[in-house]
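Visitor: Provided herewith: final.cif, mmCIF, C-alpha atoms and all ligand atoms; chains and numbers go by the auth columns.
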data_run
#
loop_
_atom_site.group_PDB
_atom_site.id
_atom_site.type_symbol
_atom_site.label_atom_id
_atom_site.label_comp_id
_atom_site.label_asym_id
_atom_site.label_seq_id
_atom_site.Cartn_x
_atom_site.Cartn_y
_atom_site.Cartn_z
_atom_site.B_iso_or_equiv
_atom_site.auth_seq_id
_atom_site.auth_asym_id
ATOM 1 C CA MET A 1 -17.228 12.556 10.835 0.00 1354 N
ATOM 2 C CA ARG A 2 -16.530 16.019 12.069 0.00 1355 N
ATOM 3 C CA GLY A 3 -17.037 19.701 11.433 0.00 1356 N
ATOM 4 C CA ASN A 4 -19.436 20.551 8.683 0.00 1357 N
ATOM 5 C CA ILE A 5 -17.536 18.728 5.973 0.00 1358 N
ATOM 6 C CA PRO A 6 -18.453 15.065 6.145 0.00 1359 N
ATOM 7 C CA LEU A 7 -16.499 12.673 3.995 0.00 1360 N
ATOM 8 C CA GLY A 8 -19.589 12.527 1.780 0.00 1361 N
ATOM 9 C CA SER A 9 -18.947 16.084 0.640 0.00 1362 N
ATOM 10 C CA LEU A 10 -15.445 15.134 -0.252 0.00 1363 N
ATOM 11 C CA GLU A 11 -16.627 12.207 -2.330 0.00 1364 N
ATOM 12 C CA ASN A 12 -19.320 14.249 -4.035 0.00 1365 N
ATOM 13 C CA GLY A 13 -16.781 16.875 -4.911 0.00 1366 N
ATOM 14 C CA PHE A 14 -14.891 14.305 -6.871 0.00 1367 N
ATOM 15 C CA LEU A 15 -17.848 12.476 -8.308 0.00 1368 N
ATOM 16 C CA GLU A 16 -19.742 15.515 -9.499 0.00 1369 N
ATOM 17 C CA GLY A 17 -16.945 17.940 -10.249 0.00 1370 N
ATOM 18 C CA ALA A 18 -15.804 20.978 -8.380 0.00 1371 N
ATOM 19 C CA SER A 19 -18.662 23.154 -9.557 0.00 1372 N
ATOM 20 C CA SER A 20 -21.073 21.009 -7.552 0.00 1373 N
ATOM 21 C CA ILE A 21 -19.535 22.132 -4.265 0.00 1374 N
ATOM 22 C CA PRO A 22 -21.801 24.892 -3.009 0.00 1375 N
ATOM 23 C CA SER A 23 -19.392 27.427 -1.521 0.00 1376 N
ATOM 24 C CA HIS A 24 -17.429 28.813 -4.390 0.00 1377 N
ATOM 25 C CA PRO A 25 -15.227 31.619 -3.551 0.00 1378 N
ATOM 26 C CA HIS A 26 -13.116 28.438 -3.267 0.00 1379 N
ATOM 27 C CA ARG A 27 -12.586 28.378 -7.003 0.00 1380 N
ATOM 28 C CA ALA A 28 -11.103 31.877 -7.167 0.00 1381 N
ATOM 29 C CA PHE A 29 -8.576 31.116 -4.440 0.00 1382 N
ATOM 30 C CA MET A 30 -7.739 27.767 -5.992 0.00 1383 N
ATOM 31 C CA ARG A 31 -6.881 29.547 -9.249 0.00 1384 N
ATOM 32 C CA PHE A 32 -4.330 31.514 -7.276 0.00 1385 N
ATOM 33 C CA ALA A 33 -2.841 28.258 -5.922 0.00 1386 N
ATOM 34 C CA LEU A 34 -2.823 26.827 -9.449 0.00 1387 N
ATOM 35 C CA ARG A 35 -0.779 29.770 -10.678 0.00 1388 N
ATOM 36 C CA GLU A 36 1.815 28.862 -8.058 0.00 1389 N
ATOM 37 C CA ALA A 37 1.745 25.238 -9.207 0.00 1390 N
ATOM 38 C CA VAL A 38 2.414 26.359 -12.795 0.00 1391 N
ATOM 39 C CA ARG A 39 5.446 28.308 -11.567 0.00 1392 N
ATOM 40 C CA GLY A 40 6.712 25.103 -9.981 0.00 1393 N
ATOM 41 C CA PHE A 41 6.079 23.229 -13.229 0.00 1394 N
ATOM 42 C CA HIS A 42 8.330 25.633 -15.146 0.00 1395 N
ATOM 43 C CA GLU A 43 11.057 25.241 -12.535 0.00 1396 N
ATOM 44 C CA GLY A 44 11.036 21.455 -12.831 0.00 1397 N
ATOM 45 C CA GLU A 45 9.401 20.972 -9.442 0.00 1398 N
ATOM 46 C CA VAL A 46 6.452 18.637 -8.868 0.00 1399 N
ATOM 47 C CA PRO A 47 3.705 21.171 -9.706 0.00 1400 N
ATOM 48 C CA VAL A 48 1.917 21.737 -6.426 0.00 1401 N
ATOM 49 C CA GLY A 49 0.881 25.218 -5.321 0.00 1402 N
ATOM 50 C CA ALA A 50 -0.473 26.399 -1.975 0.00 1403 N
ATOM 51 C CA ILE A 51 -1.789 29.644 -0.566 0.00 1404 N
ATOM 52 C CA ILE A 52 -2.890 30.694 2.915 0.00 1405 N
ATOM 53 C CA VAL A 53 -5.941 32.908 3.314 0.00 1406 N
ATOM 54 C CA LEU A 54 -6.739 34.821 6.487 0.00 1407 N
ATOM 55 C CA ASP A 55 -9.802 37.057 6.808 0.00 1408 N
ATOM 56 C CA GLY A 56 -10.412 36.735 3.071 0.00 1409 N
ATOM 57 C CA ARG A 57 -6.919 37.900 2.171 0.00 1410 N
ATOM 58 C CA VAL A 58 -4.030 35.888 0.702 0.00 1411 N
ATOM 59 C CA ILE A 59 -1.186 36.215 3.212 0.00 1412 N
ATOM 60 C CA ALA A 60 1.249 33.685 1.712 0.00 1413 N
ATOM 61 C CA SER A 61 1.776 31.565 -1.371 0.00 1414 N
ATOM 62 C CA ALA A 62 4.336 28.988 -2.440 0.00 1415 N
ATOM 63 C CA HIS A 63 5.073 26.138 -4.797 0.00 1416 N
ATOM 64 C CA ASN A 64 7.139 23.029 -4.249 0.00 1417 N
ATOM 65 C CA GLY A 65 10.830 23.677 -3.755 0.00 1418 N
ATOM 66 C CA CYS A 66 12.352 20.255 -3.067 0.00 1419 N
ATOM 67 C CA GLU A 67 14.648 20.336 -6.114 0.00 1420 N
ATOM 68 C CA ARG A 68 15.586 23.993 -5.847 0.00 1421 N
ATOM 69 C CA LEU A 69 16.255 23.882 -2.113 0.00 1422 N
ATOM 70 C CA CYS A 70 17.516 20.289 -2.034 0.00 1423 N
ATOM 71 C CA ASP A 71 15.061 19.714 0.800 0.00 1424 N
ATOM 72 C CA PRO A 72 12.567 16.841 1.058 0.00 1425 N
ATOM 73 C CA THR A 73 10.397 18.919 3.390 0.00 1426 N
ATOM 74 C CA ALA A 74 10.088 21.873 0.996 0.00 1427 N
ATOM 75 C CA HIS A 75 6.545 21.014 -0.062 0.00 1428 N
ATOM 76 C CA ALA A 76 4.362 23.921 -1.182 0.00 1429 N
ATOM 77 C CA GLU A 77 2.241 23.600 1.969 0.00 1430 N
ATOM 78 C CA ILE A 78 5.235 23.821 4.330 0.00 1431 N
ATOM 79 C CA LEU A 79 6.752 26.806 2.516 0.00 1432 N
ATOM 80 C CA ALA A 80 3.383 28.590 2.469 0.00 1433 N
ATOM 81 C CA LEU A 81 2.888 27.922 6.197 0.00 1434 N
ATOM 82 C CA ARG A 82 6.333 29.305 7.012 0.00 1435 N
ATOM 83 C CA ARG A 83 5.678 32.457 5.009 0.00 1436 N
ATOM 84 C CA ALA A 84 2.230 32.922 6.532 0.00 1437 N
ATOM 85 C CA CYS A 85 3.584 32.551 10.090 0.00 1438 N
ATOM 86 C CA GLU A 86 6.290 35.060 9.323 0.00 1439 N
ATOM 87 C CA ALA A 87 3.718 37.466 7.865 0.00 1440 N
ATOM 88 C CA VAL A 88 1.515 37.406 10.960 0.00 1441 N
ATOM 89 C CA GLY A 89 4.314 36.969 13.501 0.00 1442 N
ATOM 90 C CA ASN A 90 2.732 33.885 15.025 0.00 1443 N
ATOM 91 C CA TYR A 91 3.274 30.164 14.534 0.00 1444 N
ATOM 92 C CA ARG A 92 -0.429 29.595 15.104 0.00 1445 N
ATOM 93 C CA LEU A 93 -2.671 30.545 12.210 0.00 1446 N
ATOM 94 C CA ASN A 94 -6.042 30.301 13.935 0.00 1447 N
ATOM 95 C CA GLY A 95 -8.910 30.861 11.538 0.00 1448 N
ATOM 96 C CA ALA A 96 -6.728 30.610 8.425 0.00 1449 N
ATOM 97 C CA LYS A 97 -7.460 28.460 5.392 0.00 1450 N
ATOM 98 C CA MET A 98 -5.109 26.721 2.995 0.00 1451 N
ATOM 99 C CA TYR A 99 -5.823 26.169 -0.689 0.00 1452 N
ATOM 100 C CA VAL A 100 -3.540 23.549 -2.171 0.00 1453 N
ATOM 101 C CA THR A 101 -3.733 22.036 -5.641 0.00 1454 N
ATOM 102 C CA VAL A 102 -3.013 18.442 -4.542 0.00 1455 N
ATOM 103 C CA GLU A 103 -4.126 16.532 -1.437 0.00 1456 N
ATOM 104 C CA PRO A 104 -1.491 17.042 1.281 0.00 1457 N
ATOM 105 C CA CYS A 105 0.843 14.267 2.472 0.00 1458 N
ATOM 106 C CA LEU A 106 1.212 13.141 6.102 0.00 1459 N
ATOM 107 C CA MET A 107 4.055 15.559 6.806 0.00 1460 N
ATOM 108 C CA CYS A 108 2.047 18.529 5.574 0.00 1461 N
ATOM 109 C CA VAL A 109 -1.095 17.424 7.385 0.00 1462 N
ATOM 110 C CA GLY A 110 1.006 17.284 10.569 0.00 1463 N
ATOM 111 C CA ALA A 111 2.213 20.846 9.968 0.00 1464 N
ATOM 112 C CA ILE A 112 -1.343 21.978 9.177 0.00 1465 N
ATOM 113 C CA HIS A 113 -2.453 20.644 12.548 0.00 1466 N
ATOM 114 C CA LEU A 114 0.441 22.289 14.373 0.00 1467 N
ATOM 115 C CA ALA A 115 -0.414 25.634 12.750 0.00 1468 N
ATOM 116 C CA ARG A 116 -4.077 25.191 13.795 0.00 1469 N
ATOM 117 C CA LEU A 117 -5.475 25.894 10.345 0.00 1470 N
ATOM 118 C CA LYS A 118 -9.259 26.040 10.266 0.00 1471 N
ATOM 119 C CA GLU A 119 -9.825 24.587 6.818 0.00 1472 N
ATOM 120 C CA VAL A 120 -7.959 23.015 3.933 0.00 1473 N
ATOM 121 C CA ILE A 121 -9.340 23.031 0.406 0.00 1474 N
ATOM 122 C CA TYR A 122 -7.531 20.905 -2.130 0.00 1475 N
ATOM 123 C CA GLY A 123 -7.719 20.165 -5.844 0.00 1476 N
ATOM 124 C CA CYS A 124 -6.956 16.592 -6.861 0.00 1477 N
ATOM 125 C CA ARG A 125 -6.470 13.517 -4.775 0.00 1478 N
ATOM 126 C CA GLU A 126 -3.068 11.935 -4.167 0.00 1479 N
ATOM 127 C CA PRO A 127 -3.914 8.218 -4.043 0.00 1480 N
ATOM 128 C CA LYS A 128 -0.374 7.129 -3.118 0.00 1481 N
ATOM 129 C CA GLY A 129 0.191 9.460 -0.184 0.00 1482 N
ATOM 130 C CA GLY A 130 -2.747 11.783 0.447 0.00 1483 N
ATOM 131 C CA ALA A 131 -3.630 12.088 4.133 0.00 1484 N
ATOM 132 C CA PHE A 132 -6.949 13.936 3.796 0.00 1485 N
ATOM 133 C CA GLY A 133 -9.119 11.167 2.392 0.00 1486 N
ATOM 134 C CA SER A 134 -6.964 8.952 0.152 0.00 1487 N
ATOM 135 C CA LEU A 135 -4.291 6.898 1.911 0.00 1488 N
ATOM 136 C CA TYR A 136 -5.212 8.299 5.329 0.00 1489 N
ATOM 137 C CA SER A 137 -8.104 10.386 6.640 0.00 1490 N
ATOM 138 C CA VAL A 138 -6.379 12.244 9.445 0.00 1491 N
ATOM 139 C CA HIS A 139 -9.117 14.900 9.541 0.00 1492 N
ATOM 140 C CA LEU A 140 -11.592 12.215 10.624 0.00 1493 N
ATOM 141 C CA ASP A 141 -9.493 10.995 13.561 0.00 1494 N
ATOM 142 C CA GLY A 142 -11.342 12.091 16.697 0.00 1495 N
ATOM 143 C CA ARG A 143 -8.309 11.451 18.903 0.00 1496 N
ATOM 144 C CA LEU A 144 -6.571 14.594 17.691 0.00 1497 N
ATOM 145 C CA ASN A 145 -7.106 17.743 19.719 0.00 1498 N
ATOM 146 C CA HIS A 146 -7.439 19.976 16.670 0.00 1499 N
ATOM 147 C CA LYS A 147 -10.042 19.621 13.939 0.00 1500 N
ATOM 148 C CA VAL A 148 -9.484 20.719 10.371 0.00 1501 N
ATOM 149 C CA ASP A 149 -12.345 21.005 7.912 0.00 1502 N
ATOM 150 C CA VAL A 150 -11.447 19.498 4.560 0.00 1503 N
ATOM 151 C CA VAL A 151 -12.919 19.981 1.104 0.00 1504 N
ATOM 152 C CA GLY A 152 -11.520 18.107 -1.884 0.00 1505 N
ATOM 153 C CA GLY A 153 -12.114 18.306 -5.616 0.00 1506 N
ATOM 154 C CA VAL A 154 -11.988 22.074 -6.187 0.00 1507 N
ATOM 155 C CA LEU A 155 -10.655 22.630 -9.735 0.00 1508 N
ATOM 156 C CA GLU A 156 -9.641 19.015 -9.598 0.00 1509 N
ATOM 157 C CA GLU A 157 -9.309 18.612 -13.353 0.00 1510 N
ATOM 158 C CA GLU A 158 -6.885 21.505 -13.697 0.00 1511 N
ATOM 159 C CA SER A 159 -4.659 20.198 -10.886 0.00 1512 N
ATOM 160 C CA THR A 160 -4.699 16.673 -12.294 0.00 1513 N
ATOM 161 C CA ALA A 161 -3.895 17.887 -15.804 0.00 1514 N
ATOM 162 C CA LEU A 162 -0.896 19.815 -14.538 0.00 1515 N
ATOM 163 C CA MET A 163 0.461 16.837 -12.590 0.00 1516 N
ATOM 164 C CA ARG A 164 -0.036 14.507 -15.546 0.00 1517 N
ATOM 165 C CA ALA A 165 1.688 16.931 -17.919 0.00 1518 N
ATOM 166 C CA PHE A 166 4.613 17.134 -15.530 0.00 1519 N
ATOM 167 C CA PHE A 167 5.083 13.387 -15.226 0.00 1520 N
ATOM 168 C CA ARG A 168 4.638 12.931 -18.970 0.00 1521 N
ATOM 169 C CA LYS A 169 7.404 15.438 -19.557 0.00 1522 N
ATOM 170 C CA LEU A 170 9.564 13.725 -16.963 0.00 1523 N
ATOM 171 C CA ARG A 171 9.083 10.322 -18.565 0.00 1524 N
ATOM 172 C CA ARG A 172 10.064 11.719 -21.949 0.00 1525 N
ATOM 173 C CA SER A 173 13.271 13.135 -20.590 0.00 1526 N
ATOM 174 C CA LYS A 174 15.617 10.215 -19.930 0.00 1527 N
ATOM 175 C CA ASP A 175 17.922 12.353 -17.841 0.00 1528 N
ATOM 176 C CA GLY A 176 15.069 13.675 -15.778 0.00 1529 N
ATOM 177 C CA LEU A 177 13.702 10.311 -14.726 0.00 1530 N
ATOM 178 C CA GLN A 178 13.793 10.092 -10.971 0.00 1531 N
ATOM 179 C CA GLY A 179 11.970 7.362 -9.167 0.00 1532 N
ATOM 180 C CA GLU A 180 10.809 9.461 -6.246 0.00 1533 N
ATOM 181 C CA LYS A 181 9.093 11.938 -8.548 0.00 1534 N
ATOM 182 C CA ARG A 182 7.099 9.168 -10.125 0.00 1535 N
ATOM 183 C CA ASP A 183 5.743 8.368 -6.684 0.00 1536 N
ATOM 184 C CA ARG A 184 3.270 11.232 -6.890 0.00 1537 N
ATOM 185 C CA LEU A 185 0.351 10.724 -9.264 0.00 1538 N
ATOM 186 C CA GLY A 186 2.611 9.102 -11.851 0.00 1539 N
HETATM 187 ZN ZN ZN B . 3.473 17.359 1.743 0.00 1 E
#
Produce structure tokens that represent the structure in this file.

Guide:
Amino acid sequence: MRGNIPLGSLENGFLEGASSIPSHPHRAFMRFALREAVRGFHEGEVPVGAIIVLDGRVIASAHNGCERLCDPTAHAEILALRRACEAVGNYRLNGAKMYVTVEPCLMCVGAIHLARLKEVIYGCREPKGGAFGSLYSVHLDGRLNHKVDVVGGVLEEESTALMRAFFRKLRRSKDGLQGEKRDRLG
């Protein structure tokens, strides 16, 4: 248990709905991330959107680009981190927050740690690969030298609905069926 976001908060966020989480400028920023996810949806990407906020200002935003860029590392979180670092001219983003519509995977959590983000707020859980509370709880590992505060369940229903719509569409399209895409929230 670390920071001021115990795992209990995470659970409550999911059990009681996003509106039960007390601090809710979160919802406004998450809407921004959701807009990015919708862009990804229309491009045929797994619909995940991420934004980086520093001093209350959005400094970068991105959606998944694995298909478009033919790059397995082109997750929304990674692309948003790259843009944010470029914007501030520093590969450390001390004090910055990330809003991402789906719980980040291990790769993205690694990058989040390397960038020294202060807080990550996510929408829906990713039971098959999420590393902030689902498959792993990296943020609770006291051996790491950087601590990230994590809040889950903000606009969870919207993020889940978008993912489900995407995979439904994918299943309907015989040509579009790709096993690796079904791995996320199928
Ligand atoms: Zn990822």

Visitor: Find the residues near N:Thr1513: any atom within 9 Å, counting all atoms listed in the file, skip ones fewer than 5 places away on the same chain, and give them as a VMD selection string.

Guide: chain N and resid 1454 to 1455 1476 to 1478 1508 1518 1538

Visitor: Please identify every residue of chain N that has at least one atom no farther than 9 Å from an atom of ligand ZN 1 (chain E), counting only C-alpha atoms and all ligand atoms, and for each give the shortest atom pair and the distance in Å to one decimal, arranged by chain then increasing number, as JSON lines.

Guide:
{"residue": "N:Thr1426", "atom": "CA", "partner": "E:ZN1", "partner_atom": "ZN", "distance": 7.3}
{"residue": "N:Ala1427", "atom": "CA", "partner": "E:ZN1", "partner_atom": "ZN", "distance": 8.0}
{"residue": "N:His1428", "atom": "CA", "partner": "E:ZN1", "partner_atom": "ZN", "distance": 5.1}
{"residue": "N:Ala1429", "atom": "CA", "partner": "E:ZN1", "partner_atom": "ZN", "distance": 7.2}
{"residue": "N:Glu1430", "atom": "CA", "partner": "E:ZN1", "partner_atom": "ZN", "distance": 6.4}
{"residue": "N:Ile1431", "atom": "CA", "partner": "E:ZN1", "partner_atom": "ZN", "distance": 7.2}
{"residue": "N:Glu1456", "atom": "CA", "partner": "E:ZN1", "partner_atom": "ZN", "distance": 8.3}
{"residue": "N:Pro1457", "atom": "CA", "partner": "E:ZN1", "partner_atom": "ZN", "distance": 5.0}
{"residue": "N:Cys1458", "atom": "CA", "partner": "E:ZN1", "partner_atom": "ZN", "distance": 4.1}
{"residue": "N:Leu1459", "atom": "CA", "partner": "E:ZN1", "partner_atom": "ZN", "distance": 6.5}
{"residue": "N:Met1460", "atom": "CA", "partner": "E:ZN1", "partner_atom": "ZN", "distance": 5.4}
{"residue": "N:Cys1461", "atom": "CA", "partner": "E:ZN1", "partner_atom": "ZN", "distance": 4.3}
{"residue": "N:Val1462", "atom": "CA", "partner": "E:ZN1", "partner_atom": "ZN", "distance": 7.3}
{"residue": "N:Gly1482", "atom": "CA", "partner": "E:ZN1", "partner_atom": "ZN", "distance": 8.8}
{"residue": "N:Gly1483", "atom": "CA", "partner": "E:ZN1", "partner_atom": "ZN", "distance": 8.5}

Visitor: Selection from above, C-alpha atoms, as a CSV table (one decimal), keeping the file's coordinate frame, can you write it?

Guide:
chain,number,residue,atom,x,y,z
N,1426,THR,CA,10.4,18.9,3.4
N,1427,ALA,CA,10.1,21.9,1.0
N,1428,HIS,CA,6.5,21.0,-0.1
N,1429,ALA,CA,4.4,23.9,-1.2
N,1430,GLU,CA,2.2,23.6,2.0
N,1431,ILE,CA,5.2,23.8,4.3
N,1456,GLU,CA,-4.1,16.5,-1.4
N,1457,PRO,CA,-1.5,17.0,1.3
N,1458,CYS,CA,0.8,14.3,2.5
N,1459,LEU,CA,1.2,13.1,6.1
N,1460,MET,CA,4.1,15.6,6.8
N,1461,CYS,CA,2.0,18.5,5.6
N,1462,VAL,CA,-1.1,17.4,7.4
N,1482,GLY,CA,0.2,9.5,-0.2
N,1483,GLY,CA,-2.7,11.8,0.4

Visitor: Taking into account only C-alpha atoms, which residue in the set N:Val1441, N:Leu1515, N:Gly1409, N:Val1473 is nearest to N:Asp1502?

Guide: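 Residue with the minimum atom-to-atom distance to N:Asp1502: N:Val1473.
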
Visitor: Between atom CA of N:Met1516 and atom CA of N:Val1399, measure the distance and give it in Å to one decimal.

Guide: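 Here the two named atoms are 7.3 Å from each other.
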
Visitor: Expand the PyMOL selection byres (((chain N and resi 1400) around 7) and not hetatm) into the individual residues it matches in the shown file, reporting them as a PDB file with C-alpha atoms, in the frame of the given file.

Guide:
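Final output, out17.pdb:
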ATOM      1  CA  ALA N1390       1.745  25.238  -9.207  1.00  0.00           C
ATOM      2  CA  VAL N1391       2.414  26.359 -12.795  1.00  0.00           C
ATOM      3  CA  GLY N1393       6.712  25.103  -9.981  1.00  0.00           C
ATOM      4  CA  PHE N1394       6.079  23.229 -13.229  1.00  0.00           C
ATOM      5  CA  GLU N1398       9.401  20.972  -9.442  1.00  0.00           C
ATOM      6  CA  VAL N1399       6.452  18.637  -8.868  1.00  0.00           C
ATOM      7  CA  VAL N1401       1.917  21.737  -6.426  1.00  0.00           C
ATOM      8  CA  GLY N1402       0.881  25.218  -5.321  1.00  0.00           C
ATOM      9  CA  ASN N1417       7.139  23.029  -4.249  1.00  0.00           C
ATOM     10  CA  LEU N1515      -0.896  19.815 -14.538  1.00  0.00           C
ATOM     11  CA  MET N1516       0.461  16.837 -12.590  1.00  0.00           C
TER      12      MET N1516
END

Visitor: Can you measure atom CA of N:Leu1407 to atom CA of N:Met1451 for me? One decimal in Å is fine.

Guide: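 Distance between the two atoms: 9.0 Å.
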
Visitor: I'd like the neighbourhood of N:Val1411 as an mmCIF file with C-alpha atoms, in the coordinates of the input, where a residue qualifies if any of its atoms comes within 12 Å (using all atoms listed in the file), though same-chain residues fewer than 6 positions away should be ignored.

Guide:
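Generated output (result.cif):
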data_model
loop_
_atom_site.group_PDB
_atom_site.id
_atom_site.type_symbol
_atom_site.label_atom_id
_atom_site.label_comp_id
_atom_site.auth_asym_id
_atom_site.auth_seq_id
_atom_site.Cartn_x
_atom_site.Cartn_y
_atom_site.Cartn_z
ATOM 1 C CA ALA N 1381 -11.103 31.877 -7.167
ATOM 2 C CA PHE N 1382 -8.576 31.116 -4.440
ATOM 3 C CA MET N 1383 -7.739 27.767 -5.992
ATOM 4 C CA PHE N 1385 -4.330 31.514 -7.276
ATOM 5 C CA ALA N 1386 -2.841 28.258 -5.922
ATOM 6 C CA ALA N 1403 -0.473 26.399 -1.975
ATOM 7 C CA ILE N 1404 -1.789 29.644 -0.566
ATOM 8 C CA ILE N 1405 -2.890 30.694 2.915
ATOM 9 C CA ALA N 1433 3.383 28.590 2.469
ATOM 10 C CA LEU N 1434 2.888 27.922 6.197
ATOM 11 C CA ARG N 1436 5.678 32.457 5.009
ATOM 12 C CA ALA N 1437 2.230 32.922 6.532
ATOM 13 C CA ALA N 1440 3.718 37.466 7.865
ATOM 14 C CA VAL N 1441 1.515 37.406 10.960
ATOM 15 C CA ALA N 1449 -6.728 30.610 8.425
ATOM 16 C CA LYS N 1450 -7.460 28.460 5.392
ATOM 17 C CA MET N 1451 -5.109 26.721 2.995
ATOM 18 C CA TYR N 1452 -5.823 26.169 -0.689
#

Visitor: Using only C-alpha atoms, determine which residues lie at most 12 Å from N:Asn1498, disregarding the query and same-chain residues fewer than 5 positions distant; provide the list as a ChimeraX atom specification.

Guide: /N:1466-1467,1469,1491-1493

Visitor: Output C-alpha atoms for every residue in that selection, as a PDB file, in the coordinates of the input.

Guide:
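Produced file again15.pdb, reproduced below:
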ATOM      1  CA  HIS N1466      -2.453  20.644  12.548  1.00  0.00           C
ATOM      2  CA  LEU N1467       0.441  22.289  14.373  1.00  0.00           C
ATOM      3  CA  ARG N1469      -4.077  25.191  13.795  1.00  0.00           C
ATOM      4  CA  VAL N1491      -6.379  12.244   9.445  1.00  0.00           C
ATOM      5  CA  HIS N1492      -9.117  14.900   9.541  1.00  0.00           C
ATOM      6  CA  LEU N1493     -11.592  12.215  10.624  1.00  0.00           C
TER       7      LEU N1493
END

Visitor: Expressed in Å to a single decimal, how great is the separation between atom CA of N:Glu1439 and atom CA of N:Asp1424?

Guide: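 These atoms are spaced 19.6 Å apart.
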
Visitor: Smallest atom-to-atom distance to N:Gly1463: which of N:Leu1497, N:Val1507, N:Leu1446, N:Leu1387, using only C-alpha atoms?

Guide: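 Closest to N:Gly1463, using only C-alpha atoms: N:Leu1497.
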
Visitor: Give, as JSON, the centre coordinates and the x, y and z edge lengths in Å to one decimal for an axis-aligned box around all listed atoms of stretch 1381-1400 of chain N, padded by 4 Å on each side.

Guide:
{"center_x": 0.0, "center_y": 25.3, "center_z": -9.8, "size_x": 30.2, "size_y": 21.2, "size_z": 18.7}

Visitor: For a quick check of understanding, using only C-alpha atoms, which of N:Arg1435, N:Lys1481, N:His1379, N:Arg1392 has the smallest distance to N:Ala1413?

Guide: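 With only C-alpha atoms as the atom set, the closest residue is N:Arg1435.
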
Visitor: Output stretch 1506-1521 of chain N as a PDB file, in the coordinates of the input, making sure N, CA and C atoms are there.

Guide:
ATOM      1  N   GLY N1506     -11.488  18.304  -4.293  1.00  0.00           N
ATOM      2  CA  GLY N1506     -12.114  18.306  -5.616  1.00  0.00           C
ATOM      3  C   GLY N1506     -12.371  19.671  -6.212  1.00  0.00           C
ATOM      4  N   VAL N1507     -11.786  20.739  -5.623  1.00  0.00           N
ATOM      5  CA  VAL N1507     -11.988  22.074  -6.187  1.00  0.00           C
ATOM      6  C   VAL N1507     -10.980  22.296  -7.324  1.00  0.00           C
ATOM      7  N   LEU N1508     -11.482  22.538  -8.519  1.00  0.00           N
ATOM      8  CA  LEU N1508     -10.655  22.630  -9.735  1.00  0.00           C
ATOM      9  C   LEU N1508      -9.771  21.391  -9.873  1.00  0.00           C
ATOM     10  N   GLU N1509     -10.363  20.287  -9.567  1.00  0.00           N
ATOM     11  CA  GLU N1509      -9.641  19.015  -9.598  1.00  0.00           C
ATOM     12  C   GLU N1509      -9.027  18.717 -10.970  1.00  0.00           C
ATOM     13  N   GLU N1510      -9.794  18.961 -12.014  1.00  0.00           N
ATOM     14  CA  GLU N1510      -9.309  18.612 -13.353  1.00  0.00           C
ATOM     15  C   GLU N1510      -8.057  19.392 -13.723  1.00  0.00           C
ATOM     16  N   GLU N1511      -8.046  20.676 -13.385  1.00  0.00           N
ATOM     17  CA  GLU N1511      -6.885  21.505 -13.697  1.00  0.00           C
ATOM     18  C   GLU N1511      -5.648  21.005 -12.961  1.00  0.00           C
ATOM     19  N   SER N1512      -5.802  20.674 -11.676  1.00  0.00           N
ATOM     20  CA  SER N1512      -4.659  20.198 -10.886  1.00  0.00           C
ATOM     21  C   SER N1512      -4.149  18.865 -11.417  1.00  0.00           C
ATOM     22  N   THR N1513      -5.079  17.984 -11.761  1.00  0.00           N
ATOM     23  CA  THR N1513      -4.699  16.673 -12.294  1.00  0.00           C
ATOM     24  C   THR N1513      -3.974  16.828 -13.623  1.00  0.00           C
ATOM     25  N   ALA N1514      -4.491  17.697 -14.480  1.00  0.00           N
ATOM     26  CA  ALA N1514      -3.895  17.887 -15.804  1.00  0.00           C
ATOM     27  C   ALA N1514      -2.457  18.376 -15.676  1.00  0.00           C
ATOM     28  N   LEU N1515      -2.239  19.268 -14.737  1.00  0.00           N
ATOM     29  CA  LEU N1515      -0.896  19.815 -14.538  1.00  0.00           C
ATOM     30  C   LEU N1515       0.067  18.731 -14.052  1.00  0.00           C
ATOM     31  N   MET N1516      -0.380  17.928 -13.093  1.00  0.00           N
ATOM     32  CA  MET N1516       0.461  16.837 -12.590  1.00  0.00           C
ATOM     33  C   MET N1516       0.768  15.841 -13.702  1.00  0.00           C
ATOM     34  N   ARG N1517      -0.252  15.492 -14.474  1.00  0.00           N
ATOM     35  CA  ARG N1517      -0.036  14.507 -15.546  1.00  0.00           C
ATOM     36  C   ARG N1517       0.945  15.048 -16.578  1.00  0.00           C
ATOM     37  N   ALA N1518       0.791  16.326 -16.934  1.00  0.00           N
ATOM     38  CA  ALA N1518       1.688  16.931 -17.919  1.00  0.00           C
ATOM     39  C   ALA N1518       3.125  16.886 -17.406  1.00  0.00           C
ATOM     40  N   PHE N1519       3.278  17.132 -16.122  1.00  0.00           N
ATOM     41  CA  PHE N1519       4.613  17.134 -15.530  1.00  0.00           C
ATOM     42  C   PHE N1519       5.260  15.755 -15.618  1.00  0.00           C
ATOM     43  N   PHE N1520       4.497  14.733 -15.234  1.00  0.00           N
ATOM     44  CA  PHE N1520       5.083  13.387 -15.226  1.00  0.00           C
ATOM     45  C   PHE N1520       5.281  12.852 -16.637  1.00  0.00           C
ATOM     46  N   ARG N1521       4.444  13.309 -17.565  1.00  0.00           N
ATOM     47  CA  ARG N1521       4.638  12.931 -18.970  1.00  0.00           C
ATOM     48  C   ARG N1521       5.962  13.495 -19.465  1.00  0.00           C
TER      49      ARG N1521
END
